[in-house]
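Q: Below is one structure. I have some questions about it.
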Amino acid sequence: MKILESQPKLVEQVHKAILSEIAEAKLKAGSRIIQEQIAQELGVSRQPVQQALVLLKNQGVLTEAPGRGLQVAPLNLELIRQMYEVRAVMEGLAFRRASENFSESAKKRAEKLLAAGRQAVTKGSVRDLISADMAFHSFFYELADNPIISQSMETHWVNTQRVMGSVLLSADKPRDIWDEHETLFELVAGGEAAKAEQLARTHIEEAANFMLERLSEQIAVDTE
């Protein structure tokens, strides 16, 4: 972890830093969270760390440790399935609404996000792959012009980062999602709202199947 500068959104930065460590398996399921150590590594006081840990516990990423303190919660496959089930509906709505609000400036931003995503695939960095995927989807939530979508997806993305990180780290060849992303972009840009909605839902459903299959395989190996 790198030292963070003191900024108004310090709790958010600490939250992001801890979540990245978990997503990249530097903090594994069952790992105890040592508040003082995290504060020291990030160069912050204990207060923002404590607040970030409360958020992560409320979001299901952390759980009570035996005795006292917190630890990284294990991934719950049924909860992940349910999460993606809801997300598929939300993504469909977001891409349908985005197609109704598309513009030339939006096109340029989307093209940059697609280029960043393909660059992340070439680079192979788990952190960059997750960041690029989040940025692409978040852009279309913004374009949908419905703040409830972005707000509702915040907790989904917290847990999705863990799932993606776990799968990307174990996969010999990560699933390349950027061809589908480009097709989604083209449907939205072309004003094909119904097709964009259907493909967005299918995109998430297929991602869920892929993630759950890989996670099930990991769990089977770990319990042998």
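Ordered as shown in the structure tokens, chains take letters A, B, and onward, while each chain numbers its residues from 1 and ligands are numbered from 1 in the order shown.
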Write out as JSON, numbers by chain which residues come within 10 Å of Ala208 (chain A) when counting only C-alpha atoms, dropping same-chain ones fewer than 5 positions away.
A: {"A": [80, 81, 82, 83, 84, 85, 87, 88, 160, 163, 202, 203, 213, 214]}
Q: Could the residues in this selection be written to a file with C-alpha atoms, as a PDB file, in the first residue's frame?
A:
```
ATOM      1  CA  ILE A  80     -22.969 -13.622  -5.522  1.00  0.00           C
ATOM      2  CA  ARG A  81     -25.586 -15.327  -7.717  1.00  0.00           C
ATOM      3  CA  GLN A  82     -28.319 -13.140  -6.244  1.00  0.00           C
ATOM      4  CA  MET A  83     -26.188 -10.035  -6.620  1.00  0.00           C
ATOM      5  CA  TYR A  84     -25.591 -10.658 -10.321  1.00  0.00           C
ATOM      6  CA  GLU A  85     -29.274 -11.473 -10.813  1.00  0.00           C
ATOM      7  CA  ARG A  87     -27.323  -6.370 -11.395  1.00  0.00           C
ATOM      8  CA  ALA A  88     -28.433  -7.802 -14.746  1.00  0.00           C
ATOM      9  CA  THR A 160     -17.951  -7.494  -7.681  1.00  0.00           C
ATOM     10  CA  VAL A 163     -15.236 -11.676  -7.285  1.00  0.00           C
ATOM     11  CA  THR A 202     -27.070 -11.171 -21.205  1.00  0.00           C
ATOM     12  CA  HIS A 203     -23.572  -9.752 -20.686  1.00  0.00           C
ATOM     13  CA  GLU A 213     -18.111 -21.649 -12.273  1.00  0.00           C
ATOM     14  CA  ARG A 214     -14.539 -20.506 -11.613  1.00  0.00           C
TER      15      ARG A 214
END
```
Q: Run DSSP on the backbone and tell me which residues of region 56-197 of chain A come out as strand (DSSP E or B); list them as an MDAnalysis selection string.
A: chainID A and resid 62:64 70:72
Q: Would you save the residues from that selection as a tab-separated table (two decimals), in the first residue's frame, using N, CA and C atoms?
A:
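Result written to result34.tsv:
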```tsv
chain	number	residue	atom	x	y	z
A	62	LEU	N	-16.16	-7.54	5.19
A	62	LEU	CA	-15.52	-7.94	6.44
A	62	LEU	C	-16.56	-8.53	7.39
A	63	THR	N	-16.10	-9.35	8.31
A	63	THR	CA	-16.99	-9.94	9.31
A	63	THR	C	-16.26	-9.99	10.65
A	64	GLU	N	-17.01	-10.23	11.71
A	64	GLU	CA	-16.40	-10.33	13.03
A	64	GLU	C	-15.42	-11.50	13.07
A	70	LEU	N	-11.89	-7.71	13.29
A	70	LEU	CA	-12.53	-8.05	12.02
A	70	LEU	C	-11.61	-8.92	11.17
A	71	GLN	N	-12.22	-9.65	10.25
A	71	GLN	CA	-11.46	-10.44	9.29
A	71	GLN	C	-12.15	-10.37	7.93
A	72	VAL	N	-11.44	-10.74	6.89
A	72	VAL	CA	-12.01	-10.75	5.54
A	72	VAL	C	-13.02	-11.89	5.45
```
Q: Between A:Ile130, A:Ala135, A:Ile38, A:Ile204, which one has atoms that come closest to Glu180 (chain A), using only C-alpha atoms?
A: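 Smallest distance to Glu180 (chain A) is found for A:Ile204.
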Q: Show me, as a list in words, the residues that have an atom within 7 Å of Trp178 (chain A) when counting only C-alpha atoms, minus same-chain residues fewer than 2 positions from it.
A: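 Residues near the query, excluding close chain neighbours: Gly117, Arg118, Asp176, Glu180, His181 and Glu182 of chain A.
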Q: Check the smallest atom-to-atom distance from each of A:Asn159, A:Gln119, A:Thr183, A:Ser99 to Glu142 (chain A) using only C-alpha atoms, then report the winner.
A: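 Checking each candidate against Glu142 (chain A), we get A:Ser99 as the closest.
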Q: Need the shell around Leu143 (chain A): protein/DNA/RNA residues with any atom at most 12 Å away, counting only C-alpha atoms. Skip same-chain ones fewer than 5 positions apart. Format as a PyMOL selection string?
A: chain A and resi 93-103+105-107+109-110+136-138+149-150+185+188-189
Q: Keeping only N, CA and C atoms, write those residues as a CSV table (one decimal), in the first residue's frame.
A:
```csv
chain,number,residue,atom,x,y,z
A,93,LEU,N,-31.5,-1.7,-17.6
A,93,LEU,CA,-32.1,-0.4,-17.5
A,93,LEU,C,-31.1,0.7,-17.8
A,94,ALA,N,-29.9,0.7,-17.3
A,94,ALA,CA,-28.9,1.7,-17.5
A,94,ALA,C,-28.6,1.9,-19.0
A,95,PHE,N,-28.3,0.8,-19.7
A,95,PHE,CA,-28.0,0.8,-21.1
A,95,PHE,C,-29.1,1.3,-22.0
A,96,ARG,N,-30.3,0.9,-21.6
A,96,ARG,CA,-31.5,1.3,-22.4
A,96,ARG,C,-31.7,2.8,-22.2
A,97,ARG,N,-31.6,3.3,-21.0
A,97,ARG,CA,-31.7,4.8,-20.8
A,97,ARG,C,-30.5,5.5,-21.4
A,98,ALA,N,-29.3,5.0,-21.4
A,98,ALA,CA,-28.2,5.6,-22.0
A,98,ALA,C,-28.3,5.8,-23.5
A,99,SER,N,-29.0,4.9,-24.1
A,99,SER,CA,-29.2,5.0,-25.6
A,99,SER,C,-30.1,6.2,-25.9
A,100,GLU,N,-30.9,6.6,-24.9
A,100,GLU,CA,-31.8,7.7,-25.2
A,100,GLU,C,-31.1,9.1,-24.9
A,101,ASN,N,-29.9,9.0,-24.3
A,101,ASN,CA,-29.2,10.3,-24.0
A,101,ASN,C,-27.8,10.4,-24.6
A,102,PHE,N,-27.6,9.6,-25.6
A,102,PHE,CA,-26.3,9.5,-26.2
A,102,PHE,C,-26.0,10.8,-27.1
A,103,SER,N,-24.7,11.2,-27.1
A,103,SER,CA,-24.3,12.4,-27.8
A,103,SER,C,-22.9,12.2,-28.4
A,105,SER,N,-20.2,13.9,-27.7
A,105,SER,CA,-19.2,14.0,-26.6
A,105,SER,C,-19.2,12.7,-25.8
A,106,ALA,N,-20.4,12.0,-25.7
A,106,ALA,CA,-20.4,10.7,-25.0
A,106,ALA,C,-19.7,9.7,-25.8
A,107,LYS,N,-19.8,9.8,-27.1
A,107,LYS,CA,-19.2,8.8,-28.0
A,107,LYS,C,-17.6,8.9,-27.8
A,109,ARG,N,-16.0,9.9,-25.2
A,109,ARG,CA,-15.6,9.4,-23.9
A,109,ARG,C,-15.7,7.8,-23.9
A,110,ALA,N,-16.7,7.3,-24.5
A,110,ALA,CA,-16.8,5.8,-24.5
A,110,ALA,C,-15.7,5.2,-25.3
A,136,PHE,N,-16.0,1.8,-17.4
A,136,PHE,CA,-16.9,1.6,-18.5
A,136,PHE,C,-18.4,1.6,-18.1
A,137,HIS,N,-18.7,0.7,-17.2
A,137,HIS,CA,-20.1,0.6,-16.7
A,137,HIS,C,-20.6,1.8,-16.0
A,138,SER,N,-19.7,2.4,-15.2
A,138,SER,CA,-20.1,3.6,-14.5
A,138,SER,C,-20.4,4.8,-15.4
A,149,ILE,N,-29.6,4.5,-10.1
A,149,ILE,CA,-28.8,3.4,-10.7
A,149,ILE,C,-27.4,3.4,-10.1
A,150,SER,N,-26.7,4.5,-10.1
A,150,SER,CA,-25.4,4.6,-9.6
A,150,SER,C,-25.3,4.3,-8.1
A,185,PHE,N,-21.6,-0.5,-26.7
A,185,PHE,CA,-21.4,0.9,-27.1
A,185,PHE,C,-22.1,1.2,-28.4
A,188,VAL,N,-25.9,1.4,-28.1
A,188,VAL,CA,-26.3,2.6,-27.4
A,188,VAL,C,-26.1,3.8,-28.4
A,189,ALA,N,-25.0,3.9,-29.0
A,189,ALA,CA,-24.7,5.0,-30.0
A,189,ALA,C,-25.7,5.0,-31.1
```
Q: Which of these residues is nearest to Ile219 (chain A), using only C-alpha atoms: A:Asn58, A:Ala25, A:Gly124, A:Leu75?
A: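 Smallest separation from Ile219 (chain A) among the options: A:Leu75.
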Q: According to DSSP computed on the backbone, where in chain A is there helix (DSSP H, G or I)? Give the residues as a VMD selection string.
A: chain A and resid 10 to 23 35 to 42 46 to 58 77 to 99 104 to 123 126 to 144 147 to 170 178 to 189 193 to 222
Q: Measuring between only C-alpha atoms, which one of A:Gln47, A:Val14, A:Glu91, A:Arg68 shows the shortest distance to Asn146 (chain A)?
A: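 Of A:Gln47, A:Val14, A:Glu91, A:Arg68, the one nearest Asn146 (chain A) is A:Glu91, counting only C-alpha atoms.
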